[in-house]
Amino acid sequence: MLATRASTAKRLTRSFATVADSASGIKVAAIDNGQPTAAVTFLVKAGSRYEPAPGVSHALKSFAFKSTAKRSTLGTVRESDLYGGVLFASMSREYLAFTSEFLRGDESFFTSVLTSILTSSKFLPHEYTEYVLPVVRDEATAASQSPSTVAVEAAHALAFRTGLGASLFAGPHIPVTLESVKSFAKDAFTSGNVAVVGTGIDSARLAQLVDKALADATLPTSSPITAAPSKYFGGSTRIDSPEGPQTVFIGFGTTTPSPVLSVLNAHVPPSRSLKWPAAPRQFATVTSVHLPYSDAVLTGVLVQGADANSVTEAAKTVVAKLKKPLSADELKTAVARAKFVAAAAVESRQGLVEAIGSKIFSNANTSIESTLAALDKVDTAAVSKAVSELTAATPTFVVVGDVKTLPYADEIGL
């Protein structure tokens, strides 16, 4: 087991030591562990942080795999089925991700499918009305019925206001026009805004495929999309909701990302060394939330339970643990947990893309070894300093549920 872990780490180090530029000007990174399947993801700096109006990025994401100059929507689906592949799109506050998963050997076709989204999407009015808008509405409705999603969305709005504070979802009262989606796509789909991540494929081979796919329809080479630097504010809000468990988000933000925050985030929630512990289950659950961005971090916990009393007591415990100085053993445990989380994340395709997305665009070291080494350097003094700085600023505090009984920030020690 240890030998296997070491071997995986070495492969990651070798494959992601540097990020290469293809001849077309697009950054490409790939890792090949010899698995029977492969995947390619086109990352585009077109998340909600960069959208010109609320909901535009959400709508653009939902336009993925619709009609292009090369294929109709039906043609894309049927051809992908013939190859046994899977296509999907996702988004974060900084990136849109267009992904294909397939059997090794079929990478040429699926790279062509993904490239055509950027170079020749037709943005047909009937597809926008019949396919895109219904999906946008359904996803927004589902998000509004999830207390944890509502809490995290509200936390971003409080923490950063604009930019990273923009919602991932289109609002029900602000219409998104087809013309605004097309205009945003024109600005975002340029070579400086795009990076390609592959798994189960060699980076040189992937760069060749990208260049080949762009030989006939090149991407514009305008300057990358930019956004105003993030600024942390914090604040408190209470959202009355009859849906789901009682929920409290306790968080802090900073515009100075640091491995210390990962260690602190690993320390605060209760230990979960056993997936199914023999001890009685707690009435409230505490889940860590650590969301690093290119120039900011929002870190904290979600406390959820069936009743306000259990949530309040669990929240008090979290705050007390945050303010208590770490012992040497607690620091060692927190560092080990943070390293495990970081290493486990890159073992999945989605986790790998999320972990190295911003690093590709900034030409930073994308190896897992560099991340683990940075965590190893965290000491108690650095953690104490981070806690002092975070708690001196305004916390981000959100309650979702029965606002009459859920606690206020000062009632749990903030």
# chains A, B, ... in the order shown; residues from 1 in each chain; ligands from 1
call {"tool": "select_by_dssp", "arguments": {"residues": "segment 287-321 of chain A", "states": "helix (DSSP H, G or I)", "output": "list in words"}}
result
Ala308, Asn309, Ser310, Val311, Thr312, Glu313, Ala314, Ala315, Lys316, Thr317, Val318, Val319, Ala320 and Lys321 of chain A
call {"tool": "select_by_dssp", "arguments": {"residues": "segment 93-168 of chain A", "states": "strand (DSSP E)", "output": "PyMOL selection string"}}
result
chain A and resi 96-103
call {"tool": "closest_atom_pairs", "arguments": {"of": "segment 204-235 of chain A", "to": "segment 284-308 of chain A", "cutoff": "10 Å", "atoms": "only C-alpha atoms", "output": "tab-separated table"}}
result
residue	atom	partner	partner_atom	distance
A:Pro229	CA	A:Asp295	CA	7.2
A:Ser230	CA	A:Asp295	CA	6.5
A:Lys231	CA	A:Ala296	CA	8.0
A:Tyr232	CA	A:Ala296	CA	8.2
call {"tool": "write_last_selection", "arguments": {"atoms": "N, CA and C atoms", "output": "short mmCIF file (atom, residue, chain, number, x, y, z; two decimals), in the first residue's frame"}}
result
data_model
loop_
_atom_site.label_atom_id
_atom_site.label_comp_id
_atom_site.auth_asym_id
_atom_site.auth_seq_id
_atom_site.Cartn_x
_atom_site.Cartn_y
_atom_site.Cartn_z
N PRO A 229 -9.27 42.71 -8.32
CA PRO A 229 -8.73 41.88 -7.24
C PRO A 229 -9.77 41.67 -6.14
N SER A 230 -9.77 40.48 -5.57
CA SER A 230 -10.74 40.16 -4.54
C SER A 230 -10.45 40.96 -3.26
N LYS A 231 -11.52 41.28 -2.55
CA LYS A 231 -11.42 41.94 -1.26
C LYS A 231 -12.38 41.27 -0.30
N TYR A 232 -11.90 40.96 0.90
CA TYR A 232 -12.75 40.27 1.87
C TYR A 232 -13.48 41.27 2.75
#
call {"tool": "closest_residue", "arguments": {"among": "A:Lys323, A:Lys377, A:Arg238, A:Lys186", "to": "Pro407 of chain A", "atoms": "only C-alpha atoms"}}
result
A:Arg238
call {"tool": "closest_residue", "arguments": {"among": "A:Ala204, A:Val318, A:Ala374, A:Ile174", "to": "Ala30 of chain A", "atoms": "only C-alpha atoms"}}
result
A:Ala204
call {"tool": "closest_residue", "arguments": {"among": "A:Tyr83, A:Phe160, A:Phe249, A:Phe189", "to": "Ile26 of chain A", "atoms": "only C-alpha atoms"}}
result
A:Phe189
call {"tool": "atom_distance", "arguments": {"atom1": "atom CA of Ser222 of chain A", "atom2": "atom CA of Ser24 of chain A"}}
result
13.0 Å
call {"tool": "closest_residue", "arguments": {"among": "A:Leu326, A:Ala336, A:Ile201, A:Ile356", "to": "Asp32 of chain A", "atoms": "only C-alpha atoms"}}
result
A:Ile201
call {"tool": "residues_around", "arguments": {"residues": "Gln145 of chain A", "least_positions_apart": "6", "cutoff": "9 Å", "atoms": "only C-alpha atoms", "output": "PyMOL selection string"}}
result
chain A and resi 241+243-244
call {"tool": "write_last_selection", "arguments": {"atoms": "N, CA, C and O atoms", "output": "short mmCIF file (atom, residue, chain, number, x, y, z; two decimals), in the first residue's frame"}}
result
data_model
loop_
_atom_site.label_atom_id
_atom_site.label_comp_id
_atom_site.auth_asym_id
_atom_site.auth_seq_id
_atom_site.Cartn_x
_atom_site.Cartn_y
_atom_site.Cartn_z
N SER A 241 -36.01 29.24 5.96
CA SER A 241 -36.24 28.20 4.98
C SER A 241 -36.88 26.98 5.63
O SER A 241 -36.41 26.52 6.67
N GLU A 243 -36.98 24.11 4.10
CA GLU A 243 -36.38 22.95 3.44
C GLU A 243 -35.19 22.40 4.23
O GLU A 243 -34.33 23.14 4.70
N GLY A 244 -35.11 21.08 4.36
CA GLY A 244 -33.93 20.40 4.85
C GLY A 244 -33.56 20.69 6.29
O GLY A 244 -34.33 21.27 7.06
#
